[in-house]
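The structure appears right after this line, and notes come after that.
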2 protein chains.
Amino acid sequence: MNFPTKAMIKEVGPRDGLQNENRFIKTEDKIAWINQLSDSGLSYIEVSSFVNPKWIPALADALDVAKGITRREGVTYAALVPNQKGLERALEAKIDEVSVFMSASETHNQKNINKSIEETLPILKDVVTDGIKAGKTTRGYISTVFGCPYENVVDVEQVVRVSEQLFEIGIDELSLGDTIGVANPSQVQDVLDVLLKRFPADKLAMHFHDTRGTAMANIVASLDMGITTFDSSIGGLGGCPYAPGASGNLATDDLVYMLDGMGITTGVDLEKLMSAARFIEGKMGKSLPSHHLQVAAEKGCS
Amino acid sequence: MNFPTKAMIKEVGPRDGLQNENRFIKTEDKIAWINQLSDSGLSYIEVSSFVNPKWIPALADALDVAKGITRREGVTYAALVPNQKGLERALEAKIDEVSVFMSASETHNQKNINKSIEETLPILKDVVTDGIKAGKTTRGYISTVFGCPYENVVDVEQVVRVSEQLFEIGIDELSLGDTIGVANPSQVQDVLDVLLKRFPADKLAMHFHDTRGTAMANIVASLDMGITTFDSSIGGLGGCPYAPGASGNLATDDLVYMLDGMGITTGVDLEKLMSAARFIEGKMGKSLPSHHLQVAAEKGCS
């Protein structure tokens, strides 16, 4: 296998992590935490979501968080933006990057945002267009790329169609999500084989969930296919609301450990990252699933 | 990457799993559990260890377990054997395969079995020689192939030397262990690159620990290098005694899920395996770390 020498980690803990947790973390704690993340060497942090707070109460303080954090030079601060109303607040918050989202699966799109794929695209188009006008960079998320909780198998050609449409409306980068954590490395290879015929590797990012333990293996397959941008969540924050203790998001700390060992530069300082992980673990009041948070500090396990 | 179409899973839960746990599982429960494992499609189960019970009280009932289980045709029942005394009992128990063990790291070998590598080899030689005479197949385990809790870095040439010596004394297969779970896929590639120049892939097995979350990624690197035999522990049984909740062994259920998805045949029925996993989880009285034991039965996580 051939591996790149650099990778970009996009930290989604403050959004994808917290959005799937039941506890509301106080605004001042979110701010302190994100500031620690900013100091850890990460160059991209998704700080919140401007989805209507009634849907995601955990992130109801998006505006205050975005305004309260210390902006570190060289770090891109992004946020999820579902529509024009969310965009207004994102622009007021001076977010650097606007991220829109939809599903590859028609059923999941409907269940998740109450619209068909066809109804969703014009809305996202307006957000991206206005975001670009306001000088922002933009990102598109596609959920259920590798499988759907409702439709089960998702046709890769459907993923291609939605990807093409998102690039057409002007996004800078596309994040491909294994929303329910079902993907395996062969499937990742096959899907990327198709997508990389149409889109350049440097415009794609992978967003793996570790629900069935395959995320790190899928990362390896992606690296070998030339992908260098990966979304992850500090400490593995953001489990499955239906299964307490279940893994959801891939843990940034575990990912950084592996990339470091492989000689793939990320710019992230694992020690500082672990401080930030322990901080949020304390605020959550429960153990987070990342392996590094569980490894005995002094001794390895024999 | 190129993947094989078949893989062999060697189930070490009853030995490597239980040996690292604090609770003594009653003999009748061990027997019932191993019988379930025998019915799940596994074709190799390491049922216990004939190390002196004072060192591993969790496996003090090795003889009774080995005698009590129902032997299923087509399944190899193996056990760890440290010396002649252990071999006597292993032969009395009619074990099919005798497994000897040592470390690549001099310090770890000393700490683990109180002998130098040089002192260890003649002892293992006698065990393997007599095991072969008794019509048994034999296996060698090398610990700390990818890193040592005492020496930290382990020179791959040292691994080569110990491997050569073990093959010289007559073992049929060599299991390479990432004892403290530090390996990464590039390192796995590099180490196998060296070893596969000297030993055929079908005589090597990988024994990864998931302490830092890299086991499944390391499996992928190994598959791509032509390795098809992997050790794992049902439910991820066998954590780190120093860090409660920490992962240790790679979970057989998670591994089978990934291999199934990749179209790599193992012969294992994941549903039956999950039954056996839930059974031992119940007896352990605590949650086991495998992802599949935690995944919500009905819904995926979104």
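Residue numbering restarts at 1 for every chain of the structure tokens, chains are lettered A, B, ... in their displayed order, and ligands are numbered from 1 as they appear.
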
Chain B onto chain A, all Cα, least squares, as a JSON list (two decimals) with C-alpha atoms, in the first residue's frame:
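Just written: selection.json:
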[["chain", "number", "residue", "atom", "x", "y", "z"],
["B", 1, "MET", "CA", 0.01, 0.00, 0.02],
["B", 2, "ASN", "CA", 1.06, 3.56, -0.62],
["B", 3, "PHE", "CA", 0.41, 6.14, 2.01],
["B", 4, "PRO", "CA", 0.57, 9.93, 1.77],
["B", 5, "THR", "CA", 2.95, 11.91, 3.99],
["B", 6, "LYS", "CA", 0.35, 14.40, 5.21],
["B", 7, "ALA", "CA", -3.25, 14.31, 6.27],
["B", 8, "MET", "CA", -5.79, 16.90, 7.35],
["B", 9, "ILE", "CA", -7.98, 16.18, 10.30],
["B", 10, "LYS", "CA", -11.28, 17.98, 10.53],
["B", 11, "GLU", "CA", -12.47, 18.02, 14.12],
["B", 12, "VAL", "CA", -16.26, 17.64, 14.35],
["B", 13, "GLY", "CA", -16.57, 16.89, 18.07],
["B", 14, "PRO", "CA", -18.19, 20.20, 19.03],
["B", 15, "ARG", "CA", -20.88, 19.60, 16.42],
["B", 16, "ASP", "CA", -21.25, 15.93, 15.40],
["B", 17, "GLY", "CA", -20.05, 14.84, 18.82],
["B", 18, "LEU", "CA", -22.27, 17.01, 21.01],
["B", 19, "GLN", "CA", -25.27, 16.79, 18.67],
["B", 20, "ASN", "CA", -25.56, 13.09, 19.46],
["B", 21, "GLU", "CA", -25.17, 13.41, 23.21],
["B", 22, "ASN", "CA", -27.96, 13.93, 25.72],
["B", 23, "ARG", "CA", -26.20, 16.30, 28.06],
["B", 24, "PHE", "CA", -26.21, 20.03, 27.43],
["B", 25, "ILE", "CA", -22.68, 21.32, 27.90],
["B", 26, "LYS", "CA", -22.63, 24.88, 29.25],
["B", 27, "THR", "CA", -21.66, 27.53, 26.74],
["B", 28, "GLU", "CA", -18.59, 28.60, 28.73],
["B", 29, "ASP", "CA", -17.40, 24.99, 28.83],
["B", 30, "LYS", "CA", -17.89, 24.56, 25.09],
["B", 31, "ILE", "CA", -15.89, 27.74, 24.56],
["B", 32, "ALA", "CA", -13.06, 26.65, 26.87],
["B", 33, "TRP", "CA", -12.98, 23.27, 25.20],
["B", 34, "ILE", "CA", -12.89, 24.62, 21.65],
["B", 35, "ASN", "CA", -10.10, 26.97, 22.68],
["B", 36, "GLN", "CA", -8.13, 23.93, 23.87],
["B", 37, "LEU", "CA", -8.80, 22.24, 20.54],
["B", 38, "SER", "CA", -7.56, 25.36, 18.77],
["B", 39, "ASP", "CA", -4.31, 25.08, 20.71],
["B", 40, "SER", "CA", -3.75, 21.39, 19.95],
["B", 41, "GLY", "CA", -2.55, 21.89, 16.39],
["B", 42, "LEU", "CA", -5.87, 21.16, 14.72],
["B", 43, "SER", "CA", -6.42, 23.45, 11.73],
["B", 44, "TYR", "CA", -10.15, 22.84, 11.27],
["B", 45, "ILE", "CA", -12.86, 22.77, 13.91],
["B", 46, "GLU", "CA", -16.58, 22.48, 13.34],
["B", 47, "VAL", "CA", -17.81, 24.55, 16.24],
["B", 48, "SER", "CA", -21.55, 24.05, 16.12],
["B", 49, "SER", "CA", -24.67, 23.79, 14.01],
["B", 50, "PHE", "CA", -27.14, 26.51, 13.07],
["B", 51, "VAL", "CA", -29.95, 24.03, 12.73],
["B", 52, "ASN", "CA", -33.11, 25.14, 14.58],
["B", 53, "PRO", "CA", -32.37, 24.64, 18.30],
["B", 54, "LYS", "CA", -35.65, 22.82, 18.76],
["B", 55, "TRP", "CA", -34.20, 19.94, 16.70],
["B", 56, "ILE", "CA", -30.78, 19.96, 18.34],
["B", 57, "PRO", "CA", -31.09, 21.50, 21.80],
["B", 58, "ALA", "CA", -27.54, 20.40, 22.62],
["B", 59, "LEU", "CA", -26.32, 23.07, 20.20],
["B", 60, "ALA", "CA", -28.87, 25.79, 20.95],
["B", 61, "ASP", "CA", -26.04, 28.13, 21.91],
["B", 62, "ALA", "CA", -24.32, 27.99, 18.51],
["B", 63, "LEU", "CA", -24.20, 31.78, 18.12],
["B", 64, "ASP", "CA", -22.79, 32.42, 21.59],
["B", 65, "VAL", "CA", -20.20, 29.68, 21.18],
["B", 66, "ALA", "CA", -19.06, 30.94, 17.80],
["B", 67, "LYS", "CA", -18.84, 34.50, 19.11],
["B", 68, "GLY", "CA", -17.20, 33.51, 22.38],
["B", 69, "ILE", "CA", -14.30, 31.35, 21.19],
["B", 70, "THR", "CA", -10.83, 32.74, 20.60],
["B", 71, "ARG", "CA", -10.06, 32.55, 16.90],
["B", 72, "ARG", "CA", -6.58, 31.16, 16.38],
["B", 73, "GLU", "CA", -4.77, 32.13, 13.20],
["B", 74, "GLY", "CA", -4.48, 29.28, 10.76],
["B", 75, "VAL", "CA", -7.56, 27.48, 12.09],
["B", 76, "THR", "CA", -10.75, 27.30, 10.03],
["B", 77, "TYR", "CA", -13.89, 27.50, 12.14],
["B", 78, "ALA", "CA", -16.83, 25.83, 10.43],
["B", 79, "ALA", "CA", -20.47, 25.23, 11.23],
["B", 80, "LEU", "CA", -23.37, 23.27, 9.89],
["B", 81, "VAL", "CA", -25.93, 25.43, 8.11],
["B", 82, "PRO", "CA", -29.25, 23.91, 7.00],
["B", 83, "ASN", "CA", -30.92, 26.91, 5.36],
["B", 84, "GLN", "CA", -30.98, 30.69, 4.89],
["B", 85, "LYS", "CA", -32.05, 31.36, 8.45],
["B", 86, "GLY", "CA", -29.15, 29.35, 9.76],
["B", 87, "LEU", "CA", -26.84, 31.11, 7.31],
["B", 88, "GLU", "CA", -27.80, 34.52, 8.67],
["B", 89, "ARG", "CA", -26.73, 33.48, 12.12],
["B", 90, "ALA", "CA", -23.60, 31.76, 10.83],
["B", 91, "LEU", "CA", -22.57, 34.97, 9.07],
["B", 92, "GLU", "CA", -23.37, 37.02, 12.16],
["B", 93, "ALA", "CA", -21.11, 34.61, 14.06],
["B", 94, "LYS", "CA", -18.36, 35.17, 11.49],
["B", 95, "ILE", "CA", -17.95, 31.45, 10.80],
["B", 96, "ASP", "CA", -15.19, 30.81, 8.24],
["B", 97, "GLU", "CA", -16.76, 27.83, 6.51],
["B", 98, "VAL", "CA", -20.39, 27.00, 5.82],
["B", 99, "SER", "CA", -21.28, 23.31, 5.72],
["B", 100, "VAL", "CA", -24.47, 22.02, 4.14],
["B", 101, "PHE", "CA", -25.79, 18.49, 4.45],
["B", 102, "MET", "CA", -28.05, 15.91, 2.87],
["B", 103, "SER", "CA", -28.30, 12.16, 2.35],
["B", 104, "ALA", "CA", -27.55, 9.81, -0.50],
["B", 105, "SER", "CA", -30.60, 7.80, 0.55],
["B", 106, "GLU", "CA", -33.96, 9.31, -0.32],
["B", 107, "THR", "CA", -35.64, 7.79, 2.74],
["B", 108, "HIS", "CA", -32.94, 8.94, 5.14],
["B", 109, "ASN", "CA", -33.02, 12.45, 3.67],
["B", 110, "GLN", "CA", -36.79, 12.52, 4.20],
["B", 111, "LYS", "CA", -36.61, 11.21, 7.76],
["B", 112, "ASN", "CA", -33.71, 13.43, 8.70],
["B", 113, "ILE", "CA", -34.75, 16.80, 7.27],
["B", 114, "ASN", "CA", -38.35, 16.18, 6.17],
["B", 115, "LYS", "CA", -37.70, 16.85, 2.49],
["B", 116, "SER", "CA", -36.97, 14.88, -0.63],
["B", 117, "ILE", "CA", -33.49, 15.12, -2.15],
["B", 118, "GLU", "CA", -35.02, 17.11, -5.00],
["B", 119, "GLU", "CA", -36.54, 19.63, -2.57],
["B", 120, "THR", "CA", -33.31, 19.91, -0.62],
["B", 121, "LEU", "CA", -30.89, 20.87, -3.36],
["B", 122, "PRO", "CA", -32.32, 24.32, -4.20],
["B", 123, "ILE", "CA", -32.21, 25.24, -0.51],
["B", 124, "LEU", "CA", -28.59, 24.18, -0.22],
["B", 125, "LYS", "CA", -27.80, 25.97, -3.44],
["B", 126, "ASP", "CA", -28.98, 29.27, -1.99],
["B", 127, "VAL", "CA", -26.96, 28.72, 1.18],
["B", 128, "VAL", "CA", -23.79, 27.88, -0.72],
["B", 129, "THR", "CA", -24.25, 30.74, -3.20],
["B", 130, "ASP", "CA", -24.78, 33.30, -0.45],
["B", 131, "GLY", "CA", -22.01, 31.80, 1.65],
["B", 132, "ILE", "CA", -19.58, 32.20, -1.23],
["B", 133, "LYS", "CA", -20.77, 35.78, -1.81],
["B", 134, "ALA", "CA", -20.03, 36.49, 1.85],
["B", 135, "GLY", "CA", -16.46, 35.28, 1.30],
["B", 136, "LYS", "CA", -16.85, 31.94, 3.04],
["B", 137, "THR", "CA", -15.55, 28.56, 2.01],
["B", 138, "THR", "CA", -18.15, 25.81, 1.77],
["B", 139, "ARG", "CA", -18.45, 22.12, 2.45],
["B", 140, "GLY", "CA", -21.06, 19.50, 1.62],
["B", 141, "TYR", "CA", -21.87, 16.45, 3.75],
["B", 142, "ILE", "CA", -23.49, 13.37, 2.29],
["B", 143, "SER", "CA", -24.89, 10.90, 4.82],
["B", 144, "THR", "CA", -25.53, 7.18, 4.28],
["B", 145, "VAL", "CA", -22.92, 6.80, 1.54],
["B", 146, "PHE", "CA", -22.10, 3.23, 2.57],
["B", 147, "GLY", "CA", -25.45, 2.10, 3.94],
["B", 148, "CYS", "CA", -28.76, 3.41, 5.24],
["B", 149, "PRO", "CA", -30.74, 2.42, 8.32],
["B", 150, "TYR", "CA", -33.91, 2.41, 6.19],
["B", 151, "GLU", "CA", -32.87, 1.49, 2.66],
["B", 152, "ASN", "CA", -29.98, -0.74, 3.76],
["B", 153, "VAL", "CA", -27.91, -0.84, 0.54],
["B", 154, "VAL", "CA", -27.23, 2.51, -1.15],
["B", 155, "ASP", "CA", -26.40, 2.46, -4.85],
["B", 156, "VAL", "CA", -23.06, 4.09, -5.52],
["B", 157, "GLU", "CA", -24.53, 5.75, -8.64],
["B", 158, "GLN", "CA", -26.93, 7.56, -6.34],
["B", 159, "VAL", "CA", -23.93, 8.78, -4.34],
["B", 160, "VAL", "CA", -22.35, 9.95, -7.58],
["B", 161, "ARG", "CA", -25.51, 11.88, -8.56],
["B", 162, "VAL", "CA", -25.81, 13.67, -5.24],
["B", 163, "SER", "CA", -22.07, 14.40, -5.22],
["B", 164, "GLU", "CA", -22.25, 15.90, -8.70],
["B", 165, "GLN", "CA", -25.18, 18.06, -7.71],
["B", 166, "LEU", "CA", -23.41, 19.33, -4.61],
["B", 167, "PHE", "CA", -20.25, 20.20, -6.53],
["B", 168, "GLU", "CA", -22.43, 21.89, -9.14],
["B", 169, "ILE", "CA", -23.90, 24.23, -6.56],
["B", 170, "GLY", "CA", -20.36, 25.23, -5.68],
["B", 171, "ILE", "CA", -19.04, 23.43, -2.61],
["B", 172, "ASP", "CA", -15.28, 23.39, -2.13],
["B", 173, "GLU", "CA", -15.12, 19.95, -0.54],
["B", 174, "LEU", "CA", -17.36, 16.93, -0.10],
["B", 175, "SER", "CA", -17.43, 14.82, 3.06],
["B", 176, "LEU", "CA", -18.63, 11.26, 2.50],
["B", 177, "GLY", "CA", -20.30, 9.84, 5.57],
["B", 178, "ASP", "CA", -20.66, 6.28, 6.81],
["B", 179, "THR", "CA", -23.48, 7.48, 9.00],
["B", 180, "ILE", "CA", -24.37, 4.15, 10.59],
["B", 181, "GLY", "CA", -20.84, 2.77, 10.67],
["B", 182, "VAL", "CA", -21.37, -0.22, 8.39],
["B", 183, "ALA", "CA", -18.64, 0.27, 5.80],
["B", 184, "ASN", "CA", -15.73, -2.09, 5.28],
["B", 185, "PRO", "CA", -12.38, -1.47, 3.54],
["B", 186, "SER", "CA", -13.28, -3.31, 0.31],
["B", 187, "GLN", "CA", -16.47, -1.32, -0.03],
["B", 188, "VAL", "CA", -14.57, 1.90, 0.66],
["B", 189, "GLN", "CA", -12.14, 0.96, -2.10],
["B", 190, "ASP", "CA", -14.98, 0.20, -4.52],
["B", 191, "VAL", "CA", -16.92, 3.39, -3.79],
["B", 192, "LEU", "CA", -13.81, 5.57, -4.02],
["B", 193, "ASP", "CA", -12.83, 3.79, -7.23],
["B", 194, "VAL", "CA", -16.06, 5.08, -8.78],
["B", 195, "LEU", "CA", -15.96, 8.55, -7.22],
["B", 196, "LEU", "CA", -12.29, 9.22, -7.99],
["B", 197, "LYS", "CA", -13.02, 8.78, -11.69],
["B", 198, "ARG", "CA", -15.20, 11.87, -11.44],
["B", 199, "PHE", "CA", -13.85, 13.96, -8.58],
["B", 200, "PRO", "CA", -10.29, 14.77, -7.51],
["B", 201, "ALA", "CA", -9.07, 13.18, -4.27],
["B", 202, "ASP", "CA", -8.22, 16.55, -2.76],
["B", 203, "LYS", "CA", -11.89, 17.59, -2.89],
["B", 204, "LEU", "CA", -13.08, 14.56, -0.98],
["B", 205, "ALA", "CA", -13.07, 13.86, 2.76],
["B", 206, "MET", "CA", -14.10, 10.71, 4.60],
["B", 207, "HIS", "CA", -16.39, 10.79, 7.63],
["B", 208, "PHE", "CA", -16.36, 7.33, 9.19],
["B", 209, "HIS", "CA", -18.29, 6.14, 12.20],
["B", 210, "ASP", "CA", -16.86, 3.40, 14.35],
["B", 211, "THR", "CA", -20.14, 1.77, 15.32],
["B", 212, "ARG", "CA", -18.97, -1.69, 14.20],
["B", 213, "GLY", "CA", -15.26, -1.13, 14.73],
["B", 214, "THR", "CA", -14.33, -0.61, 11.08],
["B", 215, "ALA", "CA", -13.50, 3.11, 11.01],
["B", 216, "MET", "CA", -9.72, 2.89, 11.35],
["B", 217, "ALA", "CA", -9.58, 0.06, 8.80],
["B", 218, "ASN", "CA", -11.65, 2.24, 6.43],
["B", 219, "ILE", "CA", -9.21, 5.11, 6.97],
["B", 220, "VAL", "CA", -6.38, 2.84, 5.80],
["B", 221, "ALA", "CA", -8.27, 1.91, 2.64],
["B", 222, "SER", "CA", -8.98, 5.61, 2.01],
["B", 223, "LEU", "CA", -5.34, 6.64, 2.52],
["B", 224, "ASP", "CA", -4.29, 3.99, 0.04],
["B", 225, "MET", "CA", -6.77, 5.44, -2.48],
["B", 226, "GLY", "CA", -5.21, 8.90, -2.08],
["B", 227, "ILE", "CA", -7.68, 10.55, 0.30],
["B", 228, "THR", "CA", -5.99, 12.79, 2.85],
["B", 229, "THR", "CA", -8.85, 14.54, 4.68],
["B", 230, "PHE", "CA", -10.68, 12.84, 7.50],
["B", 231, "ASP", "CA", -13.41, 13.93, 9.91],
["B", 232, "SER", "CA", -13.20, 12.71, 13.48],
["B", 233, "SER", "CA", -14.44, 13.58, 16.96],
["B", 234, "ILE", "CA", -12.21, 14.11, 19.96],
["B", 235, "GLY", "CA", -12.44, 11.23, 22.43],
["B", 236, "GLY", "CA", -14.93, 9.50, 20.17],
["B", 237, "LEU", "CA", -17.57, 11.89, 21.47],
["B", 238, "GLY", "CA", -20.98, 11.29, 19.99],
["B", 239, "GLY", "CA", -22.23, 7.80, 20.39],
["B", 240, "CYS", "CA", -25.44, 6.22, 19.36],
["B", 241, "PRO", "CA", -28.47, 7.56, 21.18],
["B", 242, "TYR", "CA", -30.08, 4.12, 20.97],
["B", 243, "ALA", "CA", -27.22, 2.21, 22.55],
["B", 244, "PRO", "CA", -25.52, 3.78, 25.56],
["B", 245, "GLY", "CA", -21.80, 3.18, 25.40],
["B", 246, "ALA", "CA", -21.91, 2.36, 21.71],
["B", 247, "SER", "CA", -19.27, 3.92, 19.54],
["B", 248, "GLY", "CA", -20.32, 6.40, 16.98],
["B", 249, "ASN", "CA", -17.77, 8.89, 15.80],
["B", 250, "LEU", "CA", -14.20, 7.91, 15.06],
["B", 251, "ALA", "CA", -11.98, 9.23, 17.84],
["B", 252, "THR", "CA", -9.56, 11.97, 16.78],
["B", 253, "ASP", "CA", -7.03, 10.89, 19.38],
["B", 254, "ASP", "CA", -6.95, 7.30, 18.11],
["B", 255, "LEU", "CA", -6.69, 8.54, 14.52],
["B", 256, "VAL", "CA", -3.83, 10.92, 15.30],
["B", 257, "TYR", "CA", -1.96, 8.12, 17.10],
["B", 258, "MET", "CA", -2.18, 5.89, 14.04],
["B", 259, "LEU", "CA", -1.27, 8.60, 11.54],
["B", 260, "ASP", "CA", 1.68, 9.69, 13.70],
["B", 261, "GLY", "CA", 2.94, 6.11, 13.81],
["B", 262, "MET", "CA", 2.61, 5.87, 10.04],
["B", 263, "GLY", "CA", 4.72, 8.99, 9.59],
["B", 264, "ILE", "CA", 1.73, 10.92, 8.24],
["B", 265, "THR", "CA", 1.93, 14.52, 9.45],
["B", 266, "THR", "CA", -1.23, 16.10, 10.82],
["B", 267, "GLY", "CA", 0.16, 19.02, 12.79],
["B", 268, "VAL", "CA", -1.74, 17.82, 15.83],
["B", 269, "ASP", "CA", -0.04, 17.45, 19.24],
["B", 270, "LEU", "CA", -1.48, 14.27, 20.74],
["B", 271, "GLU", "CA", -0.72, 15.30, 24.32],
["B", 272, "LYS", "CA", -2.61, 18.58, 23.97],
["B", 273, "LEU", "CA", -5.40, 16.76, 22.22],
["B", 274, "MET", "CA", -5.64, 14.33, 25.16],
["B", 275, "SER", "CA", -5.98, 17.28, 27.54],
["B", 276, "ALA", "CA", -8.90, 18.58, 25.53],
["B", 277, "ALA", "CA", -10.37, 15.06, 25.45],
["B", 278, "ARG", "CA", -10.12, 14.66, 29.22],
["B", 279, "PHE", "CA", -11.65, 18.09, 29.69],
["B", 280, "ILE", "CA", -14.78, 17.28, 27.73],
["B", 281, "GLU", "CA", -14.95, 13.80, 29.24],
["B", 282, "GLY", "CA", -15.10, 15.45, 32.64],
["B", 283, "LYS", "CA", -17.89, 17.77, 31.53],
["B", 284, "MET", "CA", -19.83, 14.90, 29.98],
["B", 285, "GLY", "CA", -19.66, 13.06, 33.29],
["B", 286, "LYS", "CA", -19.09, 9.70, 31.63],
["B", 287, "SER", "CA", -16.31, 7.74, 29.93],
["B", 288, "LEU", "CA", -15.78, 8.48, 26.28],
["B", 289, "PRO", "CA", -15.08, 5.56, 23.98],
["B", 290, "SER", "CA", -11.68, 6.52, 22.53],
["B", 291, "HIS", "CA", -8.99, 3.95, 23.19],
["B", 292, "HIS", "CA", -6.50, 6.55, 24.22],
["B", 293, "LEU", "CA", -8.70, 7.85, 26.97],
["B", 294, "GLN", "CA", -8.71, 4.35, 28.37],
["B", 295, "VAL", "CA", -5.11, 3.34, 27.96],
["B", 296, "ALA", "CA", -3.24, 3.15, 31.24],
["B", 297, "ALA", "CA", -0.97, 6.16, 31.42],
["B", 298, "GLU", "CA", 2.09, 4.36, 32.70],
["B", 299, "LYS", "CA", 1.96, 0.75, 31.67],
["B", 300, "GLY", "CA", 1.00, -0.84, 28.41],
["B", 301, "CYS", "CA", -1.16, -3.91, 28.60],
["B", 302, "SER", "CA", 0.60, -7.24, 28.33]]

Residues of range 43-73 of chain B in helix (DSSP H, G or I), written as number ranges by chain: B: 57-59, 62-68

Strand (DSSP E) positions in range 13-257 of chain B, given as a VMD selection string: chain B and resid 44 to 49 76 to 80 97 to 103 137 to 143 173 to 178 204 to 208 229 to 232
